[in-house]
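What's in protein24.txt: compact mmCIF, C-alpha atoms and all ligand atoms
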# COMPACT_ATOMS: atom_id res chain seq x y z
CA MET O 267 -46.58 -180.71 -168.40
CA GLU O 268 -46.23 -182.24 -165.00
CA PHE O 269 -42.83 -183.54 -164.00
CA GLU O 270 -43.04 -185.81 -161.00
CA PRO O 271 -40.09 -188.21 -161.00
CA ARG O 272 -40.99 -189.26 -157.47
CA LYS O 273 -44.09 -190.90 -158.89
CA LEU O 274 -42.13 -193.03 -161.35
CA PRO O 275 -42.55 -196.68 -160.38
CA THR O 276 -39.71 -198.92 -159.35
CA VAL O 277 -38.73 -201.09 -162.30
CA LEU O 278 -38.17 -204.83 -161.82
CA THR O 279 -35.29 -206.69 -163.45
CA ALA O 280 -36.07 -209.31 -166.11
CA ASP O 281 -35.86 -212.18 -163.60
CA GLU O 282 -38.05 -210.43 -161.06
CA LEU O 283 -40.62 -209.58 -163.69
CA LEU O 284 -40.71 -213.16 -164.99
CA ASP O 285 -41.11 -214.47 -161.44
CA LYS O 286 -43.99 -212.11 -160.96
CA ALA O 287 -45.77 -213.11 -164.19
CA PHE O 288 -45.15 -216.87 -164.00
CA GLY O 289 -45.81 -216.88 -160.25
CA ARG O 290 -49.19 -215.28 -160.77
CA ALA O 291 -49.99 -217.74 -163.57
CA SER O 292 -49.01 -220.74 -161.44
CA LYS O 293 -51.98 -220.02 -159.15
CA VAL O 294 -54.46 -220.05 -162.01
CA THR O 295 -56.83 -222.98 -162.35
CA GLY O 296 -59.38 -224.22 -164.90
CA ARG O 297 -61.92 -226.97 -165.42
CA SER O 298 -59.71 -228.74 -167.95
CA ARG O 299 -56.00 -228.80 -168.79
CA ARG O 300 -56.85 -226.88 -171.91
CA GLU O 301 -58.81 -224.21 -170.08
CA LYS O 302 -56.18 -223.98 -167.35
CA THR O 303 -53.46 -223.40 -169.95
CA LEU O 304 -55.49 -220.72 -171.70
CA ASN O 305 -56.07 -219.02 -168.34
CA LYS O 306 -52.36 -219.14 -167.56
CA LEU O 307 -51.48 -217.61 -170.92
CA ALA O 308 -54.04 -214.85 -170.36
CA THR O 309 -52.61 -214.13 -166.92
CA VAL O 310 -49.01 -213.93 -168.13
CA SER O 311 -50.15 -211.71 -170.96
CA ASN O 312 -52.06 -209.35 -168.65
CA VAL O 313 -49.38 -209.13 -165.97
CA LEU O 314 -46.61 -208.30 -168.44
CA SER O 315 -48.66 -206.01 -170.64
CA ASP O 316 -50.04 -204.05 -167.67
CA TYR O 317 -46.56 -203.81 -166.26
CA PHE O 318 -44.98 -202.44 -169.44
CA LYS O 319 -47.84 -200.01 -169.97
CA LYS O 320 -47.60 -198.81 -166.38
CA ILE O 321 -43.89 -198.02 -166.76
CA ILE O 322 -44.27 -196.39 -170.17
CA SER O 323 -47.23 -194.22 -169.20
CA ALA O 324 -45.57 -193.10 -165.96
CA HIS O 325 -42.99 -191.21 -168.00
CA PRO O 326 -43.96 -187.76 -169.20
CA SER O 327 -43.73 -186.71 -172.82
CA TYR O 328 -40.14 -185.52 -172.78
CA SER O 329 -40.47 -183.43 -175.92
CA THR O 330 -43.06 -181.17 -174.29
CA LEU O 331 -41.41 -180.98 -170.88
CA PRO O 332 -40.29 -177.46 -169.89
CA ASP O 333 -36.72 -176.76 -171.05
CA PHE O 334 -35.18 -176.87 -167.59
CA TYR O 335 -36.47 -180.35 -166.80
CA ARG O 336 -35.85 -181.75 -170.28
CA GLU O 337 -32.25 -180.53 -170.16
CA MET O 338 -31.79 -181.85 -166.64
CA VAL O 339 -33.15 -185.27 -167.60
CA ASP O 340 -30.84 -185.32 -170.59
CA ILE O 341 -27.81 -184.42 -168.48
CA VAL O 342 -28.67 -186.78 -165.64
CA VAL O 343 -29.85 -189.90 -167.50
CA GLY O 344 -29.61 -189.20 -171.24
CA LEU O 345 -32.82 -188.63 -173.17
CA ALA O 346 -31.89 -190.77 -176.17
CA THR O 347 -31.19 -193.84 -174.00
CA LEU O 348 -34.31 -193.17 -171.97
CA ARG O 349 -36.45 -193.06 -175.10
CA LYS O 350 -34.77 -196.17 -176.51
CA SER O 351 -35.39 -198.06 -173.27
CA LEU O 352 -39.06 -197.15 -173.21
CA ALA O 353 -39.30 -198.21 -176.85
CA ALA O 354 -37.70 -201.55 -175.94
CA LEU O 355 -40.47 -202.15 -173.42
CA LYS O 356 -43.04 -201.44 -176.09
CA TRP O 357 -41.26 -203.84 -178.43
CA ALA O 358 -41.23 -206.57 -175.76
CA ASP O 359 -44.91 -206.01 -175.07
CA GLY O 360 -45.73 -206.49 -178.76
CA MET O 361 -43.54 -209.59 -179.09
CA ILE O 362 -45.09 -211.19 -176.03
CA GLN O 363 -48.63 -210.52 -177.23
CA LYS O 364 -47.73 -212.24 -180.50
CA ILE O 365 -46.33 -215.28 -178.69
CA ILE O 366 -49.44 -215.49 -176.51
CA SER O 367 -51.87 -215.19 -179.43
CA LYS O 368 -50.04 -217.87 -181.37
CA SER O 369 -49.99 -220.18 -178.33
CA VAL O 370 -53.71 -219.63 -177.69
CA ARG O 371 -54.43 -220.56 -181.30
CA GLU O 372 -52.32 -223.71 -180.95
CA VAL O 373 -54.10 -224.82 -177.76
CA LYS O 374 -57.47 -224.15 -179.31
CA GLY O 375 -56.35 -226.03 -182.41
CA GLY O 376 -55.75 -229.14 -180.33
CA LYS O 377 -52.02 -229.05 -179.60
CA GLU O 378 -50.81 -230.58 -176.35
CA PRO O 379 -51.45 -227.72 -173.76
CA ASP O 380 -48.44 -228.45 -171.55
CA LYS O 381 -46.05 -228.44 -174.49
CA VAL O 382 -47.48 -225.21 -175.86
CA LEU O 383 -47.24 -223.56 -172.44
CA LYS O 384 -43.66 -224.67 -171.92
CA ALA O 385 -42.62 -223.37 -175.32
CA ALA O 386 -44.48 -220.07 -174.74
CA TYR O 387 -42.81 -219.56 -171.35
CA GLY O 388 -39.41 -220.19 -172.88
CA ARG O 389 -39.95 -217.66 -175.64
CA ILE O 390 -41.46 -215.07 -173.32
CA ALA O 391 -38.54 -215.45 -170.92
CA SER O 392 -36.13 -214.95 -173.77
CA VAL O 393 -37.88 -211.73 -174.87
CA VAL O 394 -37.97 -210.30 -171.34
CA LYS O 395 -34.32 -211.18 -170.76
CA GLN O 396 -33.42 -209.31 -173.92
CA ILE O 397 -34.63 -206.09 -172.28
CA ASP O 398 -32.97 -206.67 -168.93
CA ASP O 399 -30.44 -203.86 -169.53
CA GLU O 400 -33.24 -201.46 -170.42
CA LEU O 401 -35.26 -202.43 -167.33
CA ARG O 402 -32.24 -201.85 -165.12
CA PHE O 403 -31.49 -198.57 -166.86
CA LEU O 404 -35.06 -197.37 -166.28
CA ASN O 405 -34.84 -198.18 -162.60
CA GLU O 406 -31.55 -196.33 -162.31
CA ALA O 407 -33.04 -193.43 -164.30
CA LYS O 408 -35.89 -193.19 -161.83
CA ARG O 409 -33.40 -192.97 -158.97
CA LYS O 410 -31.33 -190.32 -160.71
CA MET O 411 -34.31 -188.28 -161.87
CA GLN O 412 -35.54 -188.01 -158.31
CA THR O 413 -32.53 -185.81 -157.57
CA ILE O 414 -33.74 -183.16 -160.03
CA PRO O 415 -35.21 -180.31 -158.03
CA ILE O 416 -38.82 -179.48 -158.80
CA PHE O 417 -39.98 -175.89 -158.83
CA GLY O 418 -43.41 -174.33 -158.73
CA ASP O 419 -44.81 -172.02 -161.37
CA GLU O 420 -43.88 -168.87 -159.44
CA PRO O 421 -41.01 -166.69 -160.73
CA VAL O 422 -37.54 -167.92 -159.80
CA VAL O 423 -34.61 -165.90 -158.49
CA VAL O 424 -31.37 -167.84 -158.69
CA VAL O 425 -28.82 -166.79 -156.08
CA ALA O 426 -25.23 -167.03 -157.28
CA GLY O 427 -21.83 -166.20 -155.85
CA TYR O 428 -18.74 -167.91 -154.42
CA PRO O 429 -19.06 -170.22 -151.41
CA ASN O 430 -19.49 -168.48 -148.02
CA VAL O 431 -20.47 -165.11 -149.46
CA GLY O 432 -23.83 -165.42 -147.70
CA LYS O 433 -26.20 -167.03 -150.24
CA SER O 434 -27.94 -169.42 -147.87
CA SER O 435 -28.14 -166.75 -145.16
CA PHE O 436 -29.86 -164.43 -147.62
CA VAL O 437 -32.34 -167.09 -148.73
CA ALA O 438 -33.17 -167.88 -145.10
CA ARG O 439 -33.50 -164.19 -144.22
CA ILE O 440 -35.93 -163.23 -146.98
CA SER O 441 -38.01 -166.40 -146.96
CA THR O 442 -41.44 -166.09 -145.38
CA VAL O 443 -41.49 -169.84 -144.88
CA LYS O 444 -38.76 -172.17 -143.73
CA PRO O 445 -36.63 -172.76 -146.85
CA GLU O 446 -37.08 -176.19 -148.29
CA ILE O 447 -33.96 -178.23 -148.74
CA ALA O 448 -33.51 -179.74 -152.18
CA THR O 449 -30.53 -181.23 -154.00
CA TYR O 450 -29.09 -180.86 -157.45
CA PRO O 451 -27.93 -184.01 -159.15
CA PHE O 452 -24.44 -182.55 -159.49
CA THR O 453 -23.66 -181.65 -155.95
CA THR O 454 -23.81 -183.35 -152.63
CA ARG O 455 -24.53 -180.04 -150.98
CA GLU O 456 -27.95 -178.94 -149.87
CA VAL O 457 -29.83 -176.41 -151.91
CA TYR O 458 -32.13 -174.00 -150.13
CA VAL O 459 -35.33 -173.01 -151.85
CA GLY O 460 -37.00 -170.10 -150.08
CA ILE O 461 -40.25 -168.30 -150.84
CA ALA O 462 -40.33 -164.51 -150.75
CA GLU O 463 -43.56 -162.53 -150.81
CA LEU O 464 -43.07 -159.75 -153.36
CA ASP O 465 -46.58 -158.86 -154.55
CA GLY O 466 -46.92 -162.60 -155.05
CA ARG O 467 -44.73 -165.55 -154.27
CA VAL O 468 -41.23 -165.72 -155.68
CA GLN O 469 -38.97 -168.77 -155.38
CA VAL O 470 -35.44 -167.96 -154.31
CA VAL O 471 -32.95 -170.73 -154.91
CA ASP O 472 -29.39 -171.27 -153.90
CA THR O 473 -26.81 -172.72 -156.29
CA PRO O 474 -24.10 -174.50 -154.32
CA GLY O 475 -21.87 -176.46 -156.62
CA LEU O 476 -23.11 -174.65 -159.71
CA LEU O 477 -22.83 -170.87 -159.90
CA ASP O 478 -20.23 -170.67 -157.17
CA ARG O 479 -16.96 -171.24 -159.01
CA PRO O 480 -15.47 -170.13 -162.33
CA ILE O 481 -17.60 -171.55 -165.11
CA HIS O 482 -14.75 -171.85 -167.60
CA LYS O 483 -12.98 -174.33 -165.31
CA ARG O 484 -15.94 -176.71 -165.22
CA ASN O 485 -16.22 -179.99 -167.02
CA PRO O 486 -18.72 -180.17 -169.90
CA ILE O 487 -21.47 -181.77 -167.81
CA GLU O 488 -21.20 -179.14 -165.10
CA ARG O 489 -21.21 -176.44 -167.72
CA ARG O 490 -24.39 -177.83 -169.24
CA ALA O 491 -25.97 -177.95 -165.81
CA ILE O 492 -25.06 -174.32 -165.26
CA LEU O 493 -26.45 -173.34 -168.65
CA CYS O 494 -29.57 -175.22 -167.69
CA LEU O 495 -30.15 -172.76 -164.85
CA LYS O 496 -30.89 -170.10 -167.38
CA HIS O 497 -34.12 -171.90 -168.29
CA LEU O 498 -35.11 -171.67 -164.67
CA ALA O 499 -34.01 -168.19 -163.67
CA ASP O 500 -36.20 -165.15 -164.19
CA CYS O 501 -33.49 -163.17 -162.47
CA ILE O 502 -30.08 -163.86 -160.96
CA LEU O 503 -28.98 -162.27 -157.71
CA PHE O 504 -25.19 -162.29 -157.66
CA ILE O 505 -23.84 -161.90 -154.15
CA ILE O 506 -20.40 -160.39 -153.60
CA ASP O 507 -18.64 -160.45 -150.24
CA PRO O 508 -16.28 -157.45 -150.38
CA THR O 509 -14.82 -158.31 -146.95
CA GLU O 510 -13.27 -161.37 -148.60
CA THR O 511 -13.97 -163.29 -145.37
CA CYS O 512 -15.56 -165.86 -147.67
CA GLY O 513 -12.01 -166.73 -148.71
CA TYR O 514 -12.17 -165.36 -152.25
CA THR O 515 -10.79 -162.09 -153.52
CA LEU O 516 -13.08 -159.35 -154.72
CA GLU O 517 -11.37 -159.59 -158.09
CA SER O 518 -12.18 -163.27 -158.58
CA GLN O 519 -15.75 -162.66 -157.43
CA LEU O 520 -16.15 -159.90 -160.02
CA SER O 521 -14.77 -162.14 -162.71
CA LEU O 522 -17.32 -164.83 -161.82
CA LEU O 523 -19.97 -162.12 -162.06
CA GLU O 524 -18.89 -161.46 -165.65
CA GLU O 525 -19.23 -165.16 -166.46
CA VAL O 526 -22.68 -165.32 -164.90
CA LYS O 527 -23.79 -162.35 -167.00
CA ILE O 528 -23.10 -164.41 -170.11
CA LEU O 529 -26.12 -166.57 -169.23
CA GLY O 530 -28.14 -163.67 -170.61
CA LYS O 531 -30.54 -163.28 -167.70
CA PRO O 532 -31.12 -160.07 -165.72
CA VAL O 533 -28.40 -159.98 -163.06
CA ILE O 534 -28.58 -157.96 -159.86
CA ALA O 535 -25.20 -157.66 -158.15
CA ALA O 536 -25.17 -156.79 -154.46
CA TYR O 537 -22.71 -156.76 -151.57
CA SER O 538 -23.38 -159.00 -148.60
CA LYS O 539 -22.16 -158.57 -145.01
CA ALA O 540 -22.96 -154.81 -145.04
CA ASP O 541 -22.56 -154.85 -141.27
CA MET O 542 -18.85 -155.49 -141.78
CA HIS O 543 -17.89 -152.92 -144.43
CA SER O 544 -18.94 -149.57 -145.86
CA LYS O 545 -18.66 -150.17 -149.59
CA ARG O 546 -21.83 -148.82 -151.17
CA ASP O 547 -21.05 -148.54 -154.88
CA LEU O 548 -23.45 -151.49 -155.29
CA PRO O 549 -26.58 -152.21 -153.25
CA ALA O 550 -25.39 -153.65 -149.95
CA PHE O 551 -27.29 -155.79 -147.47
CA SER O 552 -26.72 -157.67 -144.27
CA SER O 553 -28.51 -160.89 -143.45
CA VAL O 554 -27.41 -160.37 -139.85
CA THR O 555 -28.84 -156.89 -139.19
CA GLY O 556 -31.37 -156.79 -142.01
CA GLU O 557 -29.89 -153.56 -143.40
CA GLY O 558 -30.47 -153.13 -147.13
CA ILE O 559 -32.49 -156.33 -147.50
CA ASP O 560 -35.63 -154.45 -148.54
CA ASP O 561 -33.69 -152.56 -151.22
CA VAL O 562 -32.48 -155.82 -152.74
CA LEU O 563 -36.00 -157.24 -152.63
CA GLU O 564 -37.26 -154.07 -154.34
CA LEU O 565 -34.74 -154.55 -157.16
CA ILE O 566 -35.80 -158.16 -157.55
CA LYS O 567 -39.44 -157.09 -157.61
CA GLU O 568 -38.71 -154.58 -160.37
CA VAL O 569 -36.94 -157.10 -162.56
CA ILE O 570 -39.65 -159.71 -162.09
CA SER O 571 -42.58 -157.39 -162.62
CA LYS O 572 -40.92 -156.12 -165.77
CA LYS O 573 -40.64 -159.70 -167.00
CA LEU O 574 -44.22 -160.48 -166.08
CA GLY O 575 -45.22 -157.19 -167.67
CA ASP O 576 -43.56 -158.23 -170.93
CA LYS O 577 -45.37 -161.55 -170.82
CA VAL O 578 -48.73 -159.97 -170.02
CA GLY O 579 -48.26 -157.42 -172.82
CA GLY O 580 -47.38 -160.15 -175.31
CA ASN O 581 -50.35 -162.33 -174.43
CA ARG O 582 -53.03 -159.68 -174.33
CA GLY O 583 -55.75 -160.17 -176.90
CA ASP O 584 -57.03 -156.62 -177.39
CA VAL O 585 -55.47 -154.48 -180.05
CA GLU O 586 -54.62 -151.51 -177.91
CA GLU O 587 -52.68 -153.59 -175.43
CA ARG O 588 -50.89 -155.31 -178.28
CA GLN O 589 -49.95 -151.97 -179.78
CA THR O 590 -48.63 -150.84 -176.46
CA SER O 591 -46.37 -153.86 -176.32
CA VAL O 592 -45.29 -153.48 -179.95
CA ARG O 593 -44.56 -149.83 -179.45
CA SER O 594 -42.80 -150.46 -176.20
CA SER O 595 -40.29 -152.67 -177.96
CA TYR O 596 -39.17 -149.68 -180.02
CA HIS O 597 -39.20 -147.03 -177.36
CA PRO O 598 -36.52 -146.30 -174.85
CA GLU O 599 -39.11 -146.00 -172.07
CA LYS O 600 -39.87 -149.69 -172.51
CA ASN O 601 -39.09 -150.51 -168.93
CA SER O 602 -41.51 -148.10 -167.36
CA LYS O 603 -44.26 -149.10 -169.79
CA ALA O 604 -43.79 -152.79 -169.25
CA LYS O 605 -43.83 -152.22 -165.55
CA LYS O 606 -47.00 -150.19 -165.81
CA THR O 607 -48.65 -153.04 -167.72
CA ALA O 608 -47.66 -155.40 -164.93
CA GLU O 609 -49.09 -153.07 -162.34
CA GLU O 610 -52.35 -152.75 -164.22
CA ALA O 611 -52.53 -156.49 -164.46
CA HIS O 612 -52.54 -156.92 -160.69
N1 LIG O 701 -21.41 -160.56 -140.60
C1 LIG O 701 -22.14 -161.21 -141.51
N2 LIG O 701 -21.92 -162.52 -141.74
C2 LIG O 701 -22.67 -163.17 -142.65
C3 LIG O 701 -23.67 -162.50 -143.37
N3 LIG O 701 -24.24 -163.39 -144.23
C4 LIG O 701 -23.60 -164.56 -144.05
N4 LIG O 701 -22.66 -164.44 -143.09
C5 LIG O 701 -21.77 -165.48 -142.61
O1 LIG O 701 -20.97 -165.93 -143.69
C6 LIG O 701 -20.79 -167.34 -143.65
C7 LIG O 701 -21.27 -167.99 -144.92
O2 LIG O 701 -22.66 -167.77 -145.08
P1 LIG O 701 -23.57 -168.73 -145.95
O3 LIG O 701 -24.92 -168.11 -146.00
O4 LIG O 701 -23.49 -170.12 -145.48
O5 LIG O 701 -22.85 -168.61 -147.35
P2 LIG O 701 -23.06 -169.47 -148.69
O6 LIG O 701 -21.99 -170.49 -148.73
O7 LIG O 701 -22.87 -168.47 -149.79
O8 LIG O 701 -24.43 -170.05 -148.66
C8 LIG O 701 -21.55 -167.82 -142.43
O9 LIG O 701 -20.64 -167.94 -141.36
C9 LIG O 701 -22.53 -166.71 -142.15
O10 LIG O 701 -22.86 -166.61 -140.80
C10 LIG O 701 -23.90 -161.10 -143.11
O11 LIG O 701 -24.75 -160.43 -143.70
N5 LIG O 701 -23.09 -160.52 -142.17
MG MG O 702 -24.90 -172.10 -148.74
Show me the file's structure as structure tokens.
Amino acid sequence: MEFEPRKLPTVLTADELLDKAFGRASKVTGRSRREKTLNKLATVSNVLSDYFKKIISAHPSYSTLPDFYREMVDIVVGLATLRKSLAALKWADGMIQKIISKSVREVKGGKEPDKVLKAAYGRIASVVKQIDDELRFLNEAKRKMQTIPIFGDEPVVVVAGYPNVGKSSFVARISTVKPEIATYPFTTREVYVGIAELDGRVQVVDTPGLLDRPIHKRNPIERRAILCLKHLADCILFIIDPTETCGYTLESQLSLLEEVKILGKPVIAAYSKADMHSKRDLPAFSSVTGEGIDDVLELIKEVISKKLGDKVGGNRGDVEERQTSVRSSYHPEKNSKAKKTAEEAH
């Protein structure tokens, strides 16, 4: 399912929409007063109906949207209200079509055209004004949904760790293209999305404002946003700055690491700023000298190819491959087998 909030149309308020419909109808002519009125009614009907349908069809089917985006939309705008607002547009469309049909019948039946038109306009205006809140909500929703970052189909590595440990420097260092700058709806800070080439493209994303402070101290919305990252992440790289020049103690960084592990995704913990210290009980890298960077990339590659290997194994049609994947779920050598499957798949 495509999710392209940038393509959502701007939504007019009730007054703007009525101006648009009645304005268009005011330019309509006809050979008789009767015909002119019928043409005006048809125009109002078309303008409004096309407009409502355009807005409704621009929204994706939220129930089939990938988990990350559906959750994000729910956190940012509220799915229930969004659905209700779209339903209100559908309701208005139906009501207006009824008013128009009735008015057309009246004109054709010989009623005074001007009177019928005036009454129809009044009733249509009243229906549209009843959904003014929903129209405004949908416009605001469009604005808010545009702040949801969009990711490609490639595997995603989420980079976590306290502020100033070296997350952005790492993303910039390993990216083969200039990292794109995105935003999360919950932070005013820039999010770097880099692309690494690891036997295929891998998206490496920064998490300022999300996985950079103790999770248990967050408000419920922030916590949901953090949980949402687990839908996105194939792997989490947790960066620790043992020099503490980031301004946070090693102890508090390790305790954040424990919280991040609860997300249930594969976590690789590594030391940054290897040019400034000699701790090597974890993989250590320096984004300044490049030392250890390849080792970290290798670890990421292993985790991702294992994941892809699991997926490939599970989707294979032939019996032997399926047996391999069934067996591999019982055997301790699962990892090497899954990896082998991934390698064969390349
Ligand atoms: N010496 C050294 N400094 C680094 C390294 N990586 C980052 N820094 C510095 O640490 C500070 C914070 O880095 P940054 O990437 O912005 O951290 P972020 O807040 O986690 O994204 C900056 O002043 C960087 O220049 C490294 O490997 N070695
Ligand atoms: Mg940063």
Could I get the residue neighbourhood of ligand MG 702 (chain O) at 9 Å, counting all atoms listed in the file, as a PyMOL selection string?
-> chain O and resi 429-435+437+455-458+472-474
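Minimum atom-to-atom distance to Leu476 (chain O), evaluated using only C-alpha atoms, belongs to O:Ala491 out of O:Ala491, O:Ala462, O:Val533, O:Ile414.
These residues, each with an atom at most 7 Å from (-37.8, -167.1, -160.4) using all atoms listed in the file, are O:Glu420, O:Pro421, O:Val422, O:Val423, O:Val424, O:Val468, O:Gln469, O:Val470, O:Leu498, O:Ala499, O:Asp500, O:Cys501.
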3 Å per side around ligand LIG 701 (chain O): axis-aligned box centre and edge lengths, as AutoDock Vina command-line options:
--center_x -22.8 --center_y -165.5 --center_z -145.2 --size_x 10.3 --size_y 16.1 --size_z 15.2
Which of these, O:Ala438, O:Val569, O:Ile534, O:Leu574, has the shortest distance to ligand LIG 701 (chain O) once you count all atoms listed in the file?
-> O:Ala438
By how many Å are CA of Asp399 (chain O) and CA of Leu278 (chain O) apart?
->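 About the pair CA of Asp399 (chain O) and CA of Leu278 (chain O): they are 11.0 Å apart.
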Which residue gives the smallest distance to Ser553 (chain O) among O:Val393, O:Ala540, O:Ala354, O:Leu565, with all atoms listed in the file counted?
->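 Between O:Val393, O:Ala540, O:Ala354, O:Leu565, the residue approaching Ser553 (chain O) most closely is O:Ala540.
Between CA of Leu284 (chain O) and CA of Thr347 (chain O) the interatomic distance comes to 23.3 Å.
Using all atoms listed in the file, the shortest contact distance between Ser369 (chain O) and any of O:Ala308, O:Ile461, O:Leu522, O:Val425 is found at O:Ala308.
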If you count all atoms listed in the file, which residues fall within 12 Å of Gly556 (chain O), apart from same-chain ones fewer than 2 positions away, as an NGL selection string?
-> :O and (435-436 or 438-440 or 538-541 or 550-554 or 558-563)
Of the candidates O:Ser518, O:Thr555, O:Ser571, O:Thr511, which one gets nearest to Leu464 (chain O) if we count only C-alpha atoms?
-> O:Ser571
Closest of O:Arg489, O:Arg467, O:Gly427, O:Pro445 to ligand LIG 701 (chain O), counting only C-alpha atoms and all ligand atoms, is O:Gly427
Rounded to one decimal place, report the CA of Phe269 (chain O)-CA of Phe403 (chain O) distance in Å.
-> 19.0 Å
Return region 498-510 of chain O, completed with N, CA and C atoms, as a CSV table (one decimal), in the frame of the given file.
chain,number,residue,atom,x,y,z
O,498,LEU,N,-34.4,-171.7,-165.9
O,498,LEU,CA,-35.1,-171.7,-164.7
O,498,LEU,C,-35.2,-170.2,-164.2
O,499,ALA,N,-34.1,-169.5,-164.3
O,499,ALA,CA,-34.0,-168.2,-163.7
O,499,ALA,C,-34.8,-167.1,-164.4
O,500,ASP,N,-35.6,-166.4,-163.7
O,500,ASP,CA,-36.2,-165.2,-164.2
O,500,ASP,C,-35.2,-164.0,-163.9
O,501,CYS,N,-34.4,-164.2,-162.9
O,501,CYS,CA,-33.5,-163.2,-162.5
O,501,CYS,C,-32.4,-163.9,-161.7
O,502,ILE,N,-31.2,-163.3,-161.8
O,502,ILE,CA,-30.1,-163.9,-161.0
O,502,ILE,C,-29.6,-162.8,-160.0
O,503,LEU,N,-29.6,-163.2,-158.7
O,503,LEU,CA,-29.0,-162.3,-157.7
O,503,LEU,C,-27.6,-162.7,-157.5
O,504,PHE,N,-26.6,-161.9,-157.8
O,504,PHE,CA,-25.2,-162.3,-157.7
O,504,PHE,C,-24.6,-161.6,-156.4
O,505,ILE,N,-24.3,-162.4,-155.4
O,505,ILE,CA,-23.8,-161.9,-154.2
O,505,ILE,C,-22.3,-161.8,-154.1
O,506,ILE,N,-21.8,-160.6,-153.7
O,506,ILE,CA,-20.4,-160.4,-153.6
O,506,ILE,C,-20.1,-160.1,-152.2
O,507,ASP,N,-19.1,-160.7,-151.6
O,507,ASP,CA,-18.6,-160.4,-150.2
O,507,ASP,C,-17.4,-159.6,-150.3
O,508,PRO,N,-17.5,-158.3,-150.2
O,508,PRO,CA,-16.3,-157.4,-150.4
O,508,PRO,C,-15.3,-157.6,-149.2
O,509,THR,N,-15.7,-158.2,-148.1
O,509,THR,CA,-14.8,-158.3,-147.0
O,509,THR,C,-13.8,-159.4,-147.2
O,510,GLU,N,-14.1,-160.2,-148.2
O,510,GLU,CA,-13.3,-161.4,-148.6
O,510,GLU,C,-13.2,-162.4,-147.5
